[in-house]
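> Take this structure, written in structure tokens, and hold onto it; I'll ask about it next.
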Amino acid sequence: MRTHSLFAMMTVRLLVAGPATAQLPSAEDIAALAVDSLPGRITMYYSQTVPAPEAADLQQLMEACVRKYEQAITGIPPVAVAILDSATWVRALRPVYGMPHHNALSTPVVVFVPATAATIFPTGLAPQQAQRLFRVLALHELGHQLHFAAVGLDRSELGGAPPQWPVAGWYMEFAAEYFRISCLPAPDAALGPSDEWLRSNRPAYSLLDEAERMHEQQTADGRPYLGTPEYWANFAWLQHVMAGAARLQYARLGEGFVALLREQWQRPSRSTTPMIVDDLMRSNPGLGQWLRSVGALR
């Protein structure tokens with residue numbers, strides 16, 4: 001079983017598949033650790049340092065999100081969530097602590113989120129807000145499953161080399177953020193840095209079409225850009241842009257996004273960045289200007 005991390009759009013060809021030799025635990029593996037659990041439609045596993053009411057709060061959000069889309073989207077797979085502190089994370093997982101991701105090939109799909117915000121990913125938020133943001137990113141990982149189910153993607157296709165998506169790679173992350181934003185109450189949906197923070201912290205690789213190639217770049221002194229502090233800051237910045245764009249789009253498009261995804265997935269040719277932006281601007285004419293204002297489009 002390969003590691004799957006759709007949150008990690010840019011890392012080591014982690015567009016969906018992670019390092020080919022890495023293994024992610026199943027729900028049974030997580031249950032075997034010294035963690036607590038909360039049964040339900042979405043089973044929650046959580047480190048003993050995580051208060052049970054916080055696990056229950058996230059469970060309620062996740063289950064409500066599935067209910068919201070289960071009529072419009074068939075074939076949503078069963079999901080479990082593991083909220084892990086740094087000690088348990090290191091024992092169980094390979095990816096750097098704090099990076100939400102999921103095991104797409106297991107049944108149930110297991111979503112992993114950190115118990116605390118990881119400082120390697122700048123957020124522009126106060127510590128408590130950042131911790132909340134990292135928790136609710138579990139909905140981002142669920143969003144990938146909603147996206148896959150909406151367009152009829154067979155999860156078994158994720159077991160080999162990273163697929164050649166029929167849409168620009170960054171859009172996979174936008175879609176997951178769209179579903180996340182759509183399933184959150186207003187205070188949680190608004191969590192994220194300001195537009196001014198995005199403009200002031202624009203990284204080396206900010207254009208949407210640069211995201212998929214970022215892991216191949218080098219620093220000025222010839223070192224791999226991948227894994228440097230600048231890389232992780234760049235990675236976080238791009239994810240924040242996806243969240244900001246999703247908030248703007250959801251306010252205009254609402255539940256119509258599911259139909260748009262299906263339309264784009266079924267095109268005879270790949271949907272490029274200009275095509276996708278044009279699609280989104282049918283309902284939100286100002287989105288292109290916003291993406292240009294923060295440096296994500298020319």
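Labels for the structure tokens follow display order: chains A, B, ..., residues from 1 in each chain, ligands from 1.
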Would you give me, as JSON lines, each residue of stretch 129-222 of chain A having an atom within 8 Å of an atom of stretch 245-266 of chain A, along with its shortest atom pair and that distance in Å to one decimal, using only C-alpha atoms and sorting by chain and residue number?

{"residue": "A:His147", "atom": "CA", "partner": "A:Leu261", "partner_atom": "CA", "distance": 7.7}
{"residue": "A:Ala150", "atom": "CA", "partner": "A:Val258", "partner_atom": "CA", "distance": 6.6}
{"residue": "A:Val151", "atom": "CA", "partner": "A:Arg262", "partner_atom": "CA", "distance": 5.3}
{"residue": "A:Pro166", "atom": "CA", "partner": "A:Trp265", "partner_atom": "CA", "distance": 6.0}
{"residue": "A:Val167", "atom": "CA", "partner": "A:Trp265", "partner_atom": "CA", "distance": 7.0}
{"residue": "A:Phe174", "atom": "CA", "partner": "A:Ala246", "partner_atom": "CA", "distance": 6.5}
{"residue": "A:Ala175", "atom": "CA", "partner": "A:Ala246", "partner_atom": "CA", "distance": 7.8}
{"residue": "A:Glu177", "atom": "CA", "partner": "A:Ala246", "partner_atom": "CA", "distance": 6.1}
{"residue": "A:Tyr178", "atom": "CA", "partner": "A:Ala246", "partner_atom": "CA", "distance": 4.8}
{"residue": "A:Ile181", "atom": "CA", "partner": "A:Arg247", "partner_atom": "CA", "distance": 6.3}
{"residue": "A:Ser182", "atom": "CA", "partner": "A:Tyr250", "partner_atom": "CA", "distance": 6.7}
{"residue": "A:Ala189", "atom": "CA", "partner": "A:Arg247", "partner_atom": "CA", "distance": 7.5}
{"residue": "A:Ala190", "atom": "CA", "partner": "A:Arg247", "partner_atom": "CA", "distance": 7.8}
> Counting only C-alpha atoms, figure out which residue out of A:Ala168, A:Val136, A:Ala118, A:Ala130 gets nearest to A:Arg213.
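So, comparing all the options, the nearest one is A:Ala168.
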> I'd like the neighbourhood of stretch 71-77 of chain A as a ChimeraX atom specification, where a residue qualifies if any of its atoms comes within 7 Å (using only C-alpha atoms), though same-chain residues fewer than 5 positions away should be ignored.
/A:108,145-146,149-150
> Name the residues of stretch 48-274 of chain A that come out as strand (DSSP E or B) in a backbone DSSP run; write them as a list in words.
Val79, Ala80, Val81, Ala82, Ile83, Leu84, His101, His102, Asn103, Val109, Val110, Val111, Phe112, Val113, Pro114, Val167, Gln218, Pro224 and Ser271 of chain A
> Just N, CA and C atoms for this one: save the residues we selected as a PDB file, in the first residue's frame.

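Just written: out_30.pdb:
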ATOM      1  N   VAL A  79     -14.916   6.538   6.079  1.00  0.00           N
ATOM      2  CA  VAL A  79     -13.743   7.315   6.486  1.00  0.00           C
ATOM      3  C   VAL A  79     -13.548   7.180   7.987  1.00  0.00           C
ATOM      4  N   ALA A  80     -12.299   7.132   8.417  1.00  0.00           N
ATOM      5  CA  ALA A  80     -11.925   7.243   9.825  1.00  0.00           C
ATOM      6  C   ALA A  80     -10.911   8.376   9.944  1.00  0.00           C
ATOM      7  N   VAL A  81     -10.796   8.941  11.130  1.00  0.00           N
ATOM      8  CA  VAL A  81      -9.886  10.057  11.367  1.00  0.00           C
ATOM      9  C   VAL A  81      -8.974   9.724  12.539  1.00  0.00           C
ATOM     10  N   ALA A  82      -7.699  10.060  12.391  1.00  0.00           N
ATOM     11  CA  ALA A  82      -6.734   9.921  13.487  1.00  0.00           C
ATOM     12  C   ALA A  82      -6.152  11.292  13.807  1.00  0.00           C
ATOM     13  N   ILE A  83      -6.413  11.785  15.030  1.00  0.00           N
ATOM     14  CA  ILE A  83      -5.813  13.035  15.511  1.00  0.00           C
ATOM     15  C   ILE A  83      -4.642  12.635  16.402  1.00  0.00           C
ATOM     16  N   LEU A  84      -3.431  12.882  15.936  1.00  0.00           N
ATOM     17  CA  LEU A  84      -2.257  12.342  16.613  1.00  0.00           C
ATOM     18  C   LEU A  84      -1.347  13.446  17.116  1.00  0.00           C
ATOM     19  N   HIS A 101      -2.927  14.399   5.855  1.00  0.00           N
ATOM     20  CA  HIS A 101      -2.915  13.557   4.660  1.00  0.00           C
ATOM     21  C   HIS A 101      -3.840  12.374   4.913  1.00  0.00           C
ATOM     22  N   HIS A 102      -3.907  11.452   3.970  1.00  0.00           N
ATOM     23  CA  HIS A 102      -4.812  10.320   4.158  1.00  0.00           C
ATOM     24  C   HIS A 102      -4.297   9.091   3.428  1.00  0.00           C
ATOM     25  N   ASN A 103      -4.772   7.966   3.874  1.00  0.00           N
ATOM     26  CA  ASN A 103      -4.504   6.678   3.234  1.00  0.00           C
ATOM     27  C   ASN A 103      -5.714   6.355   2.363  1.00  0.00           C
ATOM     28  N   VAL A 109     -11.045   4.761   4.469  1.00  0.00           N
ATOM     29  CA  VAL A 109      -9.981   5.727   4.229  1.00  0.00           C
ATOM     30  C   VAL A 109      -9.612   6.347   5.572  1.00  0.00           C
ATOM     31  N   VAL A 110      -8.321   6.425   5.885  1.00  0.00           N
ATOM     32  CA  VAL A 110      -7.904   7.005   7.160  1.00  0.00           C
ATOM     33  C   VAL A 110      -7.307   8.385   6.914  1.00  0.00           C
ATOM     34  N   VAL A 111      -7.870   9.375   7.582  1.00  0.00           N
ATOM     35  CA  VAL A 111      -7.389  10.751   7.516  1.00  0.00           C
ATOM     36  C   VAL A 111      -6.536  11.015   8.748  1.00  0.00           C
ATOM     37  N   PHE A 112      -5.359  11.597   8.529  1.00  0.00           N
ATOM     38  CA  PHE A 112      -4.443  11.896   9.631  1.00  0.00           C
ATOM     39  C   PHE A 112      -4.301  13.406   9.767  1.00  0.00           C
ATOM     40  N   VAL A 113      -4.535  13.910  10.976  1.00  0.00           N
ATOM     41  CA  VAL A 113      -4.311  15.327  11.252  1.00  0.00           C
ATOM     42  C   VAL A 113      -3.550  15.458  12.562  1.00  0.00           C
ATOM     43  N   PRO A 114      -2.758  16.531  12.703  1.00  0.00           N
ATOM     44  CA  PRO A 114      -1.978  16.709  13.925  1.00  0.00           C
ATOM     45  C   PRO A 114      -2.817  17.274  15.060  1.00  0.00           C
ATOM     46  N   VAL A 167      -7.337  17.507 -15.142  1.00  0.00           N
ATOM     47  CA  VAL A 167      -7.354  18.930 -14.782  1.00  0.00           C
ATOM     48  C   VAL A 167      -5.966  19.311 -14.284  1.00  0.00           C
ATOM     49  N   GLN A 218      15.869  24.136  -7.538  1.00  0.00           N
ATOM     50  CA  GLN A 218      17.052  24.203  -6.690  1.00  0.00           C
ATOM     51  C   GLN A 218      17.183  25.600  -6.097  1.00  0.00           C
ATOM     52  N   PRO A 224      18.746  21.118  -3.424  1.00  0.00           N
ATOM     53  CA  PRO A 224      17.330  20.891  -3.744  1.00  0.00           C
ATOM     54  C   PRO A 224      16.446  21.825  -2.924  1.00  0.00           C
ATOM     55  N   SER A 271      -8.178  20.078 -18.772  1.00  0.00           N
ATOM     56  CA  SER A 271      -8.550  21.433 -18.386  1.00  0.00           C
ATOM     57  C   SER A 271      -7.311  22.145 -17.842  1.00  0.00           C
TER      58      SER A 271
END
> Could you check how far atom CA of A:Tyr205 sits from atom CA of A:Ala176, in Å to one decimal?
21.0 Å
> Identify, on the basis of only C-alpha atoms, every residue whose closest approach to A:Thr88 does not exceed 10 Å; exclude the query and any residue fewer than 5 positions from it along the same chain; express the result as a list in words.
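Listing them by chain and then by number gives Ile30, Leu33, Ala34, Val35, Tyr46, Ser47, Gln48, Ile83, Leu93, Tyr97 and Pro114 of chain A.
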> Record the distance separating atom CA of A:Trp89 and atom CA of A:Pro229, expressed in Å with one decimal.
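Between atom CA of A:Trp89 and atom CA of A:Pro229 the gap works out to 20.4 Å.
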> Would you mind telling me which residue in A:Met172, A:Ser156, A:Arg135, A:Gln129 lies nearest to A:Leu208 when using only C-alpha atoms?
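For A:Leu208, the nearest of the given residues is A:Met172.
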> Using only C-alpha atoms, pick whichever of A:Met281, A:Ala236, A:Ala27, A:Leu142 has the shortest atom-to-atom distance to A:Glu63.
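Checking each of A:Met281, A:Ala236, A:Ala27, A:Leu142 against A:Glu63, counting only C-alpha atoms, the winner is A:Leu142.
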